[in-house]
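Data from start01.tsv: TSV, C-alpha atoms and all ligand atoms
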chain	number	residue	atom	x	y	z
A	873	MET	CA	15.01	8.61	-21.88
A	874	THR	CA	18.23	8.53	-19.96
A	875	ILE	CA	19.34	5.11	-18.92
A	876	ALA	CA	21.84	5.31	-16.13
A	877	PRO	CA	23.00	2.48	-13.91
A	878	ARG	CA	22.42	3.19	-10.26
A	879	GLY	CA	23.34	1.43	-7.08
A	880	TYR	CA	20.39	0.22	-5.07
A	881	ASP	CA	20.76	-0.91	-1.50
A	882	ALA	CA	18.17	-2.34	0.82
A	883	VAL	CA	18.84	-4.00	4.13
A	884	PRO	CA	15.77	-5.98	5.14
A	885	ALA	CA	15.85	-8.92	7.51
A	886	GLY	CA	19.41	-8.35	8.65
A	887	ALA	CA	20.99	-9.15	5.31
A	888	SER	CA	22.85	-6.75	3.08
A	889	LEU	CA	21.26	-6.83	-0.33
A	890	VAL	CA	22.72	-5.25	-3.41
A	891	ALA	CA	20.87	-4.63	-6.62
A	892	VAL	CA	21.36	-2.53	-9.70
A	893	ALA	CA	18.53	-0.53	-11.16
A	894	LEU	CA	18.47	0.54	-14.78
A	895	GLY	CA	15.97	2.73	-16.61
A	896	ASP	CA	13.53	5.48	-15.77
A	897	ALA	CA	12.35	5.11	-12.16
A	898	ASP	CA	8.85	6.27	-13.18
A	899	ALA	CA	8.50	3.47	-15.73
A	900	PRO	CA	6.76	0.18	-14.85
A	901	ALA	CA	9.19	-1.83	-12.74
A	902	VAL	CA	10.56	-5.34	-13.22
A	903	LEU	CA	12.42	-7.17	-10.43
A	904	MET	CA	14.84	-9.89	-11.61
A	905	LEU	CA	15.84	-12.78	-9.31
A	906	HIS	CA	18.66	-15.05	-10.45
A	907	GLY	CA	19.21	-18.78	-9.92
A	908	GLU	CA	21.18	-20.81	-7.36
A	909	GLY	CA	24.93	-20.14	-7.49
A	910	GLN	CA	24.40	-17.25	-9.91
A	911	SER	CA	24.16	-13.50	-9.47
A	912	ARG	CA	22.41	-10.55	-11.05
A	913	ALA	CA	25.07	-10.66	-13.75
A	914	MET	CA	23.10	-13.47	-15.44
A	915	TRP	CA	20.47	-10.90	-16.45
A	916	ALA	CA	22.91	-8.44	-18.05
A	917	GLU	CA	21.44	-8.66	-21.56
A	918	ALA	CA	17.84	-8.82	-20.40
A	919	VAL	CA	18.28	-5.84	-18.08
A	920	THR	CA	19.62	-3.66	-20.89
A	921	ALA	CA	16.92	-4.80	-23.33
A	922	LEU	CA	14.10	-4.17	-20.88
A	923	ALA	CA	15.42	-0.75	-19.85
A	924	GLU	CA	15.76	0.25	-23.48
A	925	ALA	CA	12.18	-0.89	-24.01
A	926	GLY	CA	10.99	1.56	-21.38
A	927	ARG	CA	11.05	-0.52	-18.20
A	928	TYR	CA	12.65	0.21	-14.83
A	929	VAL	CA	14.65	-2.93	-14.14
A	930	ILE	CA	16.02	-3.92	-10.76
A	931	ALA	CA	18.35	-6.92	-10.73
A	932	LEU	CA	18.94	-8.21	-7.21
A	933	ASP	CA	21.72	-10.37	-5.82
A	934	LEU	CA	20.00	-12.84	-3.49
A	935	ARG	CA	21.60	-13.06	-0.07
A	936	GLY	CA	24.81	-15.06	-0.11
A	937	HIS	CA	25.14	-14.50	-3.88
A	938	GLY	CA	27.03	-11.89	-5.91
A	939	GLU	CA	27.61	-8.80	-3.77
A	940	SER	CA	24.86	-9.55	-1.23
A	941	ARG	CA	26.03	-10.79	2.14
A	942	ALA	CA	24.19	-13.49	4.03
A	943	ALA	CA	23.01	-12.34	7.42
A	944	SER	CA	25.46	-13.42	10.09
A	945	GLU	CA	22.70	-15.25	11.92
A	946	GLY	CA	20.41	-17.49	9.90
A	947	ALA	CA	21.03	-19.45	6.75
A	948	ALA	CA	20.27	-18.37	3.23
A	949	ASP	CA	17.29	-20.72	2.91
A	950	LEU	CA	14.03	-20.13	1.05
A	951	ASP	CA	12.44	-18.40	4.04
A	952	ALA	CA	15.35	-15.98	4.29
A	953	HIS	CA	15.20	-15.17	0.56
A	954	VAL	CA	11.42	-14.70	0.74
A	955	ALA	CA	11.81	-12.28	3.65
A	956	ASP	CA	14.49	-10.37	1.71
A	957	VAL	CA	12.49	-10.12	-1.50
A	958	ARG	CA	9.37	-9.13	0.37
A	959	GLY	CA	11.38	-6.37	2.04
A	960	VAL	CA	12.66	-5.16	-1.33
A	961	LEU	CA	9.15	-5.19	-2.84
A	962	GLU	CA	7.85	-3.20	0.11
A	963	THR	CA	10.48	-0.51	-0.36
A	964	LEU	CA	9.67	-0.03	-4.05
A	965	GLY	CA	7.37	2.85	-4.93
A	966	SER	CA	5.42	0.74	-7.41
A	967	ARG	CA	4.48	-2.90	-7.86
A	968	PRO	CA	6.80	-4.63	-10.30
A	969	VAL	CA	6.53	-7.72	-12.42
A	970	VAL	CA	8.79	-10.26	-10.66
A	971	VAL	CA	10.96	-12.44	-12.90
A	972	GLY	CA	12.69	-15.41	-11.27
A	973	SER	CA	14.97	-18.08	-12.64
A	974	GLY	CA	15.59	-21.42	-10.88
A	975	LEU	CA	15.98	-20.62	-7.18
A	976	GLY	CA	14.78	-17.09	-8.01
A	977	ALA	CA	11.57	-18.59	-9.46
A	978	GLN	CA	10.95	-20.53	-6.25
A	979	VAL	CA	11.57	-17.39	-4.20
A	980	ALA	CA	9.26	-15.32	-6.42
A	981	LEU	CA	6.48	-17.91	-6.24
A	982	ALA	CA	6.73	-18.29	-2.47
A	983	THR	CA	6.94	-14.52	-1.89
A	984	LEU	CA	3.85	-13.69	-3.93
A	985	GLY	CA	1.89	-16.80	-2.93
A	986	GLU	CA	2.53	-16.57	0.79
A	987	GLY	CA	0.94	-13.24	1.63
A	988	GLY	CA	2.71	-10.99	-0.86
A	989	GLU	CA	0.21	-11.23	-3.71
A	990	HIS	CA	-0.50	-7.48	-3.51
A	991	LEU	CA	3.19	-6.61	-3.94
A	992	ALA	CA	3.52	-7.36	-7.67
A	993	THR	CA	1.59	-6.92	-10.91
A	994	GLY	CA	2.91	-10.00	-12.69
A	995	LEU	CA	5.10	-13.06	-12.34
A	996	VAL	CA	7.51	-14.79	-14.71
A	997	LEU	CA	8.92	-18.19	-13.67
A	998	LEU	CA	11.85	-19.46	-15.64
A	999	ASP	CA	13.68	-22.79	-15.39
A	1000	GLU	CA	12.04	-23.48	-12.08
A	1001	ASP	CA	13.30	-26.55	-10.28
A	1002	GLU	CA	10.57	-28.72	-8.72
A	1003	GLY	CA	12.63	-29.30	-5.59
A	1004	ASP	CA	12.07	-32.09	-3.09
A	1005	ALA	CA	8.64	-33.22	-1.89
A	1006	PRO	CA	8.22	-30.67	0.97
A	1007	MET	CA	9.29	-27.88	-1.39
A	1008	ARG	CA	6.86	-29.09	-4.04
A	1009	THR	CA	4.02	-29.13	-1.51
A	1010	ARG	CA	4.90	-25.65	-0.34
A	1011	LEU	CA	5.14	-24.19	-3.83
A	1012	ASP	CA	1.98	-25.97	-4.99
A	1013	ALA	CA	0.14	-24.26	-2.13
A	1014	ALA	CA	1.71	-20.90	-2.97
A	1015	ALA	CA	0.75	-21.35	-6.64
A	1016	THR	CA	-2.95	-21.64	-5.82
A	1017	ARG	CA	-2.86	-18.14	-4.38
A	1018	ILE	CA	-1.23	-16.42	-7.35
A	1019	LYS	CA	-3.73	-14.02	-8.91
A	1020	VAL	CA	-1.46	-11.86	-11.04
A	1021	PRO	CA	-0.82	-12.62	-14.74
A	1022	THR	CA	1.86	-15.31	-14.88
A	1023	LEU	CA	4.20	-16.63	-17.56
A	1024	VAL	CA	5.97	-19.96	-16.99
A	1025	ILE	CA	8.96	-20.67	-19.22
A	1026	ASP	CA	10.63	-24.07	-19.20
A	1027	GLY	CA	9.63	-25.06	-15.75
A	1028	PRO	CA	7.12	-27.17	-13.93
A	1029	CYS	CA	3.86	-25.30	-14.04
A	1030	HIS	CA	2.19	-25.49	-10.69
A	1031	ASP	CA	-1.52	-25.04	-10.85
A	1032	ILE	CA	-1.50	-21.29	-11.42
A	1033	ALA	CA	-4.87	-20.18	-12.77
A	1034	GLY	CA	-4.54	-18.78	-16.29
A	1035	ALA	CA	-0.73	-19.03	-16.41
A	1036	ARG	CA	0.76	-18.83	-19.86
A	1037	LYS	CA	3.35	-21.49	-20.66
A	1038	ALA	CA	6.26	-21.27	-23.04
A	1039	ALA	CA	9.10	-23.66	-23.81
A	1040	ILE	CA	12.10	-22.40	-25.71
A	1041	SER	CA	15.05	-23.90	-23.88
A	1042	GLU	CA	16.21	-26.41	-26.47
A	1043	GLY	CA	19.79	-25.64	-27.16
A	1044	GLY	CA	20.88	-24.39	-23.75
A	1045	PRO	CA	20.03	-22.04	-20.94
A	1046	LEU	CA	17.57	-19.41	-21.98
A	1047	VAL	CA	19.49	-16.41	-20.82
A	1048	ALA	CA	22.77	-17.50	-22.37
A	1049	ALA	CA	23.91	-14.86	-24.81
A	1050	ASP	CA	22.78	-16.73	-27.92
A	1051	ARG	CA	19.32	-17.34	-26.51
A	1052	ALA	CA	18.85	-13.87	-25.07
A	1053	ASP	CA	16.91	-12.44	-28.02
A	1054	ALA	CA	14.21	-15.12	-27.85
A	1055	PHE	CA	13.93	-14.72	-24.09
A	1056	ASN	CA	13.83	-10.94	-24.19
A	1057	ALA	CA	11.15	-10.95	-26.91
A	1058	LEU	CA	9.00	-13.33	-24.91
A	1059	LEU	CA	9.45	-11.32	-21.76
A	1060	LEU	CA	8.68	-7.99	-23.42
A	1061	GLU	CA	5.55	-9.30	-25.04
A	1062	PHE	CA	4.34	-10.62	-21.69
A	1063	LEU	CA	5.20	-7.34	-19.91
A	1064	GLU	CA	3.16	-5.36	-22.41
A	1065	GLN	CA	0.15	-7.49	-21.45
A	1066	ALA	CA	0.76	-7.76	-17.72
A	1067	ALA	CA	1.95	-4.22	-17.03
A	1068	PRO	CA	1.47	-2.00	-20.09
A	1069	ARG	CA	3.58	1.11	-20.20
A	1070	ALA	CA	0.94	3.71	-19.49
A	1071	VAL	CA	1.45	7.17	-20.89
A	1072	PRO	CA	0.78	9.61	-18.02
A	1073	GLU	CA	-2.61	11.18	-18.57
A	1074	TYR	CA	-2.96	14.55	-16.85
A	1075	ARG	CA	-6.34	16.21	-16.53
A	1076	ALA	CA	-6.55	19.94	-15.90
A	1077	GLY	CA	-9.34	22.41	-15.37
A	1078	SER	CA	-10.97	24.83	-12.96
A	1079	ASP	CA	-14.44	23.28	-12.81
A	1080	PRO	CA	-15.74	21.79	-9.52
A	1081	ARG	CA	-15.50	18.15	-10.76
A	1082	THR	CA	-11.82	18.48	-11.69
A	1083	LEU	CA	-11.13	20.24	-8.39
A	1084	ARG	CA	-12.79	17.46	-6.40
A	1085	ASP	CA	-10.92	14.79	-8.35
A	1086	ALA	CA	-7.62	16.61	-7.83
A	1087	LEU	CA	-8.30	16.95	-4.09
A	1088	GLY	CA	-9.16	13.23	-4.02
A	1089	CYS	CA	-5.55	12.50	-5.05
A	1090	PHE	CA	-4.53	13.38	-1.52
A	1091	GLY	CA	-4.92	10.11	0.39
A	1092	THR	CA	-6.11	10.56	3.97
A	1093	GLY	CA	-7.15	8.65	7.03
A	1094	VAL	CA	-10.74	8.79	8.24
A	1095	THR	CA	-11.98	10.29	11.51
A	1096	VAL	CA	-15.24	10.74	13.36
A	1097	VAL	CA	-15.50	14.17	14.99
A	1098	THR	CA	-17.81	14.34	17.98
A	1099	THR	CA	-19.21	16.71	20.57
A	1100	ILE	CA	-22.16	17.06	22.95
A	1101	ASP	CA	-25.07	19.35	22.00
A	1102	VAL	CA	-26.84	21.80	24.30
A	1103	GLU	CA	-29.29	19.11	25.37
A	1104	GLY	CA	-26.44	16.80	26.36
A	1105	LYS	CA	-26.87	14.47	23.37
A	1106	PRO	CA	-23.81	13.10	21.54
A	1107	VAL	CA	-23.43	14.29	17.93
A	1108	GLY	CA	-20.75	13.66	15.32
A	1109	LEU	CA	-19.84	13.07	11.71
A	1110	THR	CA	-17.27	11.37	9.54
A	1111	ALA	CA	-14.49	13.73	8.44
A	1112	ASN	CA	-11.26	13.25	6.52
A	1113	SER	CA	-10.26	16.91	6.64
A	1114	PHE	CA	-8.25	16.28	9.80
A	1115	THR	CA	-4.81	17.89	9.98
A	1116	ALA	CA	-2.17	18.27	12.63
A	1117	VAL	CA	-1.46	21.99	13.11
A	1118	SER	CA	1.00	22.59	15.95
A	1119	LEU	CA	2.96	20.64	18.54
A	1120	ASP	CA	3.53	23.47	20.99
A	1121	PRO	CA	0.81	24.24	21.81
A	1122	PRO	CA	-0.72	20.96	20.58
A	1123	LEU	CA	-3.29	21.96	17.96
A	1124	LEU	CA	-5.23	20.13	15.29
A	1125	LEU	CA	-8.03	21.05	12.90
A	1126	VAL	CA	-10.98	19.65	11.03
A	1127	CYS	CA	-13.10	21.37	8.40
A	1128	LEU	CA	-16.86	21.08	8.79
A	1129	ALA	CA	-19.31	21.91	5.99
A	1130	ASN	CA	-21.78	24.70	6.76
A	1131	THR	CA	-24.52	22.19	5.97
A	1132	VAL	CA	-23.53	19.76	8.74
A	1133	GLN	CA	-26.58	19.37	10.99
A	1134	SER	CA	-24.57	19.33	14.17
A	1135	LEU	CA	-22.68	22.54	13.28
A	1136	PRO	CA	-24.61	24.61	15.89
A	1137	ALA	CA	-23.62	22.02	18.51
A	1138	PHE	CA	-19.92	22.34	17.55
A	1139	ALA	CA	-20.32	26.15	17.56
A	1140	ALA	CA	-21.75	26.13	21.08
A	1141	ALA	CA	-19.55	23.42	22.60
A	1142	LYS	CA	-16.37	24.15	24.55
A	1143	GLY	CA	-14.77	20.89	23.45
A	1144	PHE	CA	-14.82	18.20	20.79
A	1145	ALA	CA	-13.04	14.94	20.02
A	1146	VAL	CA	-11.42	13.51	16.91
A	1147	ASN	CA	-11.45	9.70	16.63
A	1148	VAL	CA	-9.12	8.18	14.00
A	1149	LEU	CA	-10.58	4.96	12.59
A	1150	HIS	CA	-8.84	1.65	11.93
A	1151	THR	CA	-9.59	-0.76	9.07
A	1152	GLY	CA	-12.15	-2.63	11.16
A	1153	GLN	CA	-14.21	0.55	11.64
A	1154	GLN	CA	-15.39	1.16	8.08
A	1155	THR	CA	-18.99	0.58	9.20
A	1156	VAL	CA	-18.52	3.30	11.84
A	1157	SER	CA	-17.38	5.67	9.10
A	1158	GLY	CA	-20.43	4.80	6.99
A	1159	ARG	CA	-22.75	5.24	9.95
A	1160	PHE	CA	-21.42	8.72	10.79
A	1161	ALA	CA	-21.70	9.84	7.18
A	1162	SER	CA	-25.25	8.68	6.63
A	1163	ARG	CA	-28.34	10.67	7.60
A	1164	HIS	CA	-30.59	7.75	8.42
A	1165	GLU	CA	-28.87	5.98	11.25
A	1166	ASP	CA	-28.87	6.53	14.96
A	1167	ARG	CA	-25.14	7.07	15.02
A	1168	PHE	CA	-24.39	6.53	18.69
A	1169	ALA	CA	-26.87	3.71	19.41
A	1170	ALA	CA	-24.52	1.12	17.91
A	1171	THR	CA	-21.28	2.90	18.79
A	1172	PRO	CA	-19.82	2.42	22.29
A	1173	TRP	CA	-18.30	5.64	23.61
A	1174	GLU	CA	-16.95	7.18	26.77
A	1175	THR	CA	-15.85	10.62	27.87
A	1176	TRP	CA	-12.58	12.00	29.19
A	1177	ASP	CA	-11.73	15.58	30.15
A	1178	THR	CA	-13.93	17.70	27.87
A	1179	GLY	CA	-17.02	15.50	27.87
A	1180	ALA	CA	-16.87	14.97	24.08
A	1181	PRO	CA	-17.60	11.37	22.96
A	1182	ILE	CA	-14.48	9.21	22.64
A	1183	ILE	CA	-15.38	6.29	20.36
A	1184	GLU	CA	-14.10	3.09	21.94
A	1185	HIS	CA	-11.53	0.98	20.06
A	1186	SER	CA	-10.52	3.83	17.74
A	1187	LEU	CA	-7.00	3.77	16.32
A	1188	ALA	CA	-6.39	7.13	18.03
A	1189	SER	CA	-8.55	9.64	19.88
A	1190	PHE	CA	-7.84	13.30	20.58
A	1191	ASP	CA	-9.87	15.07	23.27
A	1192	CYS	CA	-9.75	18.84	22.58
A	1193	THR	CA	-10.96	22.13	23.88
A	1194	LYS	CA	-12.00	24.58	21.20
A	1195	PHE	CA	-9.06	26.82	20.26
A	1196	ALA	CA	-10.44	28.67	17.22
A	1197	TRP	CA	-13.37	28.77	14.83
A	1198	HIS	CA	-12.70	30.24	11.38
A	1199	GLU	CA	-15.33	30.62	8.72
A	1200	ALA	CA	-13.88	29.69	5.35
A	1201	GLY	CA	-16.15	29.57	2.31
A	1202	ASP	CA	-18.70	26.79	2.61
A	1203	HIS	CA	-16.80	25.20	5.53
A	1204	VAL	CA	-15.73	26.13	9.03
A	1205	ILE	CA	-12.20	25.42	10.23
A	1206	LEU	CA	-12.45	24.07	13.74
A	1207	VAL	CA	-9.15	24.19	15.60
A	1208	GLY	CA	-8.74	22.13	18.75
A	1209	HIS	CA	-6.30	22.36	21.63
A	1210	VAL	CA	-5.44	18.74	22.46
A	1211	GLN	CA	-5.93	17.84	26.13
A	1212	ARG	CA	-5.47	14.07	26.04
A	1213	VAL	CA	-4.70	11.41	23.42
A	1214	ARG	CA	-4.81	7.64	23.20
A	1215	PHE	CA	-3.72	5.38	20.36
A	1216	GLU	CA	-3.24	1.71	19.47
A	1217	PRO	CA	0.19	1.21	17.90
A	1218	ARG	CA	-0.40	-2.06	16.00
A	1219	ARG	CA	-3.61	-1.62	14.05
A	1220	ASP	CA	-3.78	-0.34	10.47
A	1221	PRO	CA	-5.59	2.88	9.60
A	1222	LEU	CA	-8.72	3.07	7.49
A	1223	LEU	CA	-7.72	5.14	4.45
A	1224	TYR	CA	-9.67	7.21	1.94
A	1225	PHE	CA	-8.37	7.93	-1.54
A	1226	ARG	CA	-10.14	8.93	-4.76
A	1227	GLY	CA	-13.56	8.55	-3.18
A	1228	ARG	CA	-13.00	5.02	-1.88
A	1229	TYR	CA	-11.97	3.34	1.34
A	1230	ARG	CA	-8.50	1.77	1.13
A	1231	ARG	CA	-6.04	-0.16	3.21
A	1232	LEU	CA	-2.30	0.04	3.49
A	1233	HIS	CA	-0.60	-2.16	0.93
A	1234	PHE	CA	2.28	-2.88	3.22
A	1235	SER	CA	2.16	-4.26	6.67
A	1301	LIG	C1	-14.66	9.56	4.08
A	1301	LIG	C2	-15.54	10.77	4.35
A	1301	LIG	C3	-14.96	11.95	4.71
A	1301	LIG	C4	-15.74	13.08	4.99
A	1301	LIG	N1	-15.13	14.22	5.39
A	1301	LIG	C5	-15.89	15.30	5.73
A	1301	LIG	C6	-15.26	16.48	6.24
A	1301	LIG	O1	-14.05	16.55	6.39
A	1301	LIG	N2	-16.06	17.53	6.57
A	1301	LIG	C7	-17.43	17.47	6.42
A	1301	LIG	O2	-18.10	18.46	6.73
A	1301	LIG	N3	-18.05	16.38	5.93
A	1301	LIG	C8	-17.30	15.27	5.60
A	1301	LIG	N4	-17.90	14.14	5.14
A	1301	LIG	C9	-19.34	14.12	4.95
A	1301	LIG	C10	-20.10	13.99	6.26
A	1301	LIG	O3	-19.63	12.92	7.05
A	1301	LIG	C11	-21.59	13.72	5.98
A	1301	LIG	O4	-22.08	14.71	5.12
A	1301	LIG	C12	-22.41	13.68	7.24
A	1301	LIG	O5	-23.67	13.15	6.93
A	1301	LIG	C13	-22.58	15.08	7.82
A	1301	LIG	O6	-23.24	14.99	9.07
A	1301	LIG	P1	-24.79	15.39	9.23
A	1301	LIG	O7	-25.57	14.30	8.53
A	1301	LIG	O8	-25.00	15.37	10.70
A	1301	LIG	O9	-25.02	16.72	8.59
A	1301	LIG	C14	-17.14	13.01	4.87
A	1301	LIG	C15	-17.73	11.80	4.49
A	1301	LIG	C16	-16.93	10.69	4.24
A	1301	LIG	C17	-17.59	9.38	3.86
How would this structure read if it were set down as structure tokens?
Ligand SMILES: Cc1cc2nc3c(=O)[nH]c(=O)nc-3n(C[C@H](O)[C@H](O)[C@H](O)COP(=O)(O)O)c2cc1C
Amino acid sequence: MTIAPRGYDAVPAGASLVAVALGDADAPAVLMLHGEGQSRAMWAEAVTALAEAGRYVIALDLRGHGESRAASEGAADLDAHVADVRGVLETLGSRPVVVGSGLGAQVALATLGEGGEHLATGLVLLDEDEGDAPMRTRLDAAATRIKVPTLVIDGPCHDIAGARKAAISEGGPLVAADRADAFNALLLEFLEQAAPRAVPEYRAGSDPRTLRDALGCFGTGVTVVTTIDVEGKPVGLTANSFTAVSLDPPLLLVCLANTVQSLPAFAAAKGFAVNVLHTGQQTVSGRFASRHEDRFAATPWETWDTGAPIIEHSLASFDCTKFAWHEAGDHVILVGHVQRVRFEPRRDPLLYFRGRYRRLHFS
């Protein structure tokens, strides 16, 4: 493994943040947050040890410390640090174990306990200062929401369920050079439990199961595709095979299985609609993928230009005339010429990945 220092810049919340990353970027990540009046330099030994042990280590200078500038407006208080660290966690490609010392421990606890619990896989609090009464109340509340494996070293242990405690500070600050070995050993042992270094496990084959599983690696949104049948009844089904095709002319496609009951209706219709679902519409997705429900009875809809059902409150809807119909194996590729669109810019999409509904991790 090549270990090469790299500059790492992120600029969330109006502050300029500087961090150094060491190690293989594909390895499990660790984010290090230093204490008050310190900088990322305090982690020098730990960063090297962790990178050599196969971790991707990011050591951040908190705003107003080291090379990170405080934002011109706004002080470098806990809220500002929490916003910064949250921004950094959201830009990372994977969820790290967050290690914080002193002020950094307070920031880590508040960040993960105040709505960021999904942004990390583990938490290490070191030399955490209790702070004044309001701070204690705040961090106590944050601590009750920590669900990731946690190690508390030489600090007040808030009521964090299942947290492991260790005390090895006798004789001086833990990360001082002569204490570094004990600290690094403790940290590495915890990391192996909280975020084991997984060896990539590739599966290959040409059988249908492997093909489906490989295709399931492509995360998608979820749509309901609708049209009106020859008797004037609305029909539709859940489909994640939606793809944008062309901007000029505006074209999109969905792939419909030859077994879909409403296929003759789509074949005969001049238009159809694609409705992109938001996270609150998972029941709609289930309804339009199940054979036993009256799909439109419980689904408010309207029509626009083509007469195809537009499902109300969808994240986005595309009203299309039929542009092309291509038979392709056991599916049909239905290409639509978009006539009108509508979307809601603030809601989150319902996602589908590896056979399960998902949500965005990051807001
Ligand atoms: C998330 C999800 C995505 C789906 N994507 C498609 C698709 O792209 N094309 C398709 O033909 N069926 C897809 N299906 C399956 C159909 O929705 C399901 O078979 C439906 O019952 C077919 O309609 P029918 O009952 O009227 O035949 C999907 C189902 C789910 C749950």
Report the closest atom pair, with its distance in Å rounded to one decimal, for each residue of chain A that has an atom no farther than 6 Å from ligand LIG 1301 (chain A); count all atoms listed in the file, sort by chain and then rising residue number, and write it as JSON lines.
{"residue": "A:Val1094", "atom": "CA", "partner": "A:LIG1301", "partner_atom": "C1", "distance": 5.8}
{"residue": "A:Leu1109", "atom": "CA", "partner": "A:LIG1301", "partner_atom": "O3", "distance": 4.7}
{"residue": "A:Thr1110", "atom": "CA", "partner": "A:LIG1301", "partner_atom": "O3", "distance": 3.8}
{"residue": "A:Ala1111", "atom": "CA", "partner": "A:LIG1301", "partner_atom": "N1", "distance": 3.2}
{"residue": "A:Asn1112", "atom": "CA", "partner": "A:LIG1301", "partner_atom": "N1", "distance": 4.1}
{"residue": "A:Ser1113", "atom": "CA", "partner": "A:LIG1301", "partner_atom": "O1", "distance": 3.8}
{"residue": "A:Cys1127", "atom": "CA", "partner": "A:LIG1301", "partner_atom": "N2", "distance": 5.2}
{"residue": "A:Leu1128", "atom": "CA", "partner": "A:LIG1301", "partner_atom": "O2", "distance": 3.6}
{"residue": "A:Ala1129", "atom": "CA", "partner": "A:LIG1301", "partner_atom": "O2", "distance": 3.7}
{"residue": "A:Val1132", "atom": "CA", "partner": "A:LIG1301", "partner_atom": "O9", "distance": 3.4}
{"residue": "A:Gln1133", "atom": "CA", "partner": "A:LIG1301", "partner_atom": "O9", "distance": 3.9}
{"residue": "A:Ser1134", "atom": "CA", "partner": "A:LIG1301", "partner_atom": "O8", "distance": 5.3}
{"residue": "A:Phe1160", "atom": "CA", "partner": "A:LIG1301", "partner_atom": "O3", "distance": 5.9}
{"residue": "A:Ala1161", "atom": "CA", "partner": "A:LIG1301", "partner_atom": "O3", "distance": 3.7}
{"residue": "A:Ser1162", "atom": "CA", "partner": "A:LIG1301", "partner_atom": "O5", "distance": 4.8}
{"residue": "A:Arg1163", "atom": "CA", "partner": "A:LIG1301", "partner_atom": "O7", "distance": 4.7}
{"residue": "A:Tyr1224", "atom": "CA", "partner": "A:LIG1301", "partner_atom": "C1", "distance": 5.9}
Residues as selected, C-alpha atoms, written as a PDB file, in the frame of the given file, can you do that?
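Result saved to part_3.pdb:
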ATOM      1  CA  VAL A1094     -10.740   8.790   8.240  1.00  0.00           C
ATOM      2  CA  LEU A1109     -19.840  13.070  11.710  1.00  0.00           C
ATOM      3  CA  THR A1110     -17.270  11.370   9.540  1.00  0.00           C
ATOM      4  CA  ALA A1111     -14.490  13.730   8.440  1.00  0.00           C
ATOM      5  CA  ASN A1112     -11.260  13.250   6.520  1.00  0.00           C
ATOM      6  CA  SER A1113     -10.260  16.910   6.640  1.00  0.00           C
ATOM      7  CA  CYS A1127     -13.100  21.370   8.400  1.00  0.00           C
ATOM      8  CA  LEU A1128     -16.860  21.080   8.790  1.00  0.00           C
ATOM      9  CA  ALA A1129     -19.310  21.910   5.990  1.00  0.00           C
ATOM     10  CA  VAL A1132     -23.530  19.760   8.740  1.00  0.00           C
ATOM     11  CA  GLN A1133     -26.580  19.370  10.990  1.00  0.00           C
ATOM     12  CA  SER A1134     -24.570  19.330  14.170  1.00  0.00           C
ATOM     13  CA  PHE A1160     -21.420   8.720  10.790  1.00  0.00           C
ATOM     14  CA  ALA A1161     -21.700   9.840   7.180  1.00  0.00           C
ATOM     15  CA  SER A1162     -25.250   8.680   6.630  1.00  0.00           C
ATOM     16  CA  ARG A1163     -28.340  10.670   7.600  1.00  0.00           C
ATOM     17  CA  TYR A1224      -9.670   7.210   1.940  1.00  0.00           C
TER      18      TYR A1224
END
Length of the CA of Pro1080 in chain A to CA of Ala1116 in chain A vector [Å] | 26.2 Å
Per residue of range 886-972 of chain A within 10 Å of range 1017-1027 of chain A, note the shortest atom pair and the distance in Å to one decimal, counting only C-alpha atoms, and order the rows by chain and increasing residue number, as JSON lines.
{"residue": "A:Val969", "atom": "CA", "partner": "A:Val1020", "partner_atom": "CA", "distance": 9.1}
{"residue": "A:Val970", "atom": "CA", "partner": "A:Thr1022", "partner_atom": "CA", "distance": 9.6}
{"residue": "A:Val971", "atom": "CA", "partner": "A:Leu1023", "partner_atom": "CA", "distance": 9.2}
{"residue": "A:Gly972", "atom": "CA", "partner": "A:Val1024", "partner_atom": "CA", "distance": 9.9}
Tell me which protein, DNA and RNA residues are within 12 Å of Ala992 in chain A, counting all atoms listed in the file, leaving out same-chain ones fewer than 6 positions away, and put them as a ChimeraX atom specification.
-> /A:900-903,957-958,960-962,964-971,980-981,983-985,1018-1022,1066-1067,1233-1234
How would you write as a PyMOL selection string the residues that get within 9 Å of (23.2, -10.5, -0.4) in the file's frame, counting only C-alpha atoms?
-> chain A and resi 887-891+932-943+956
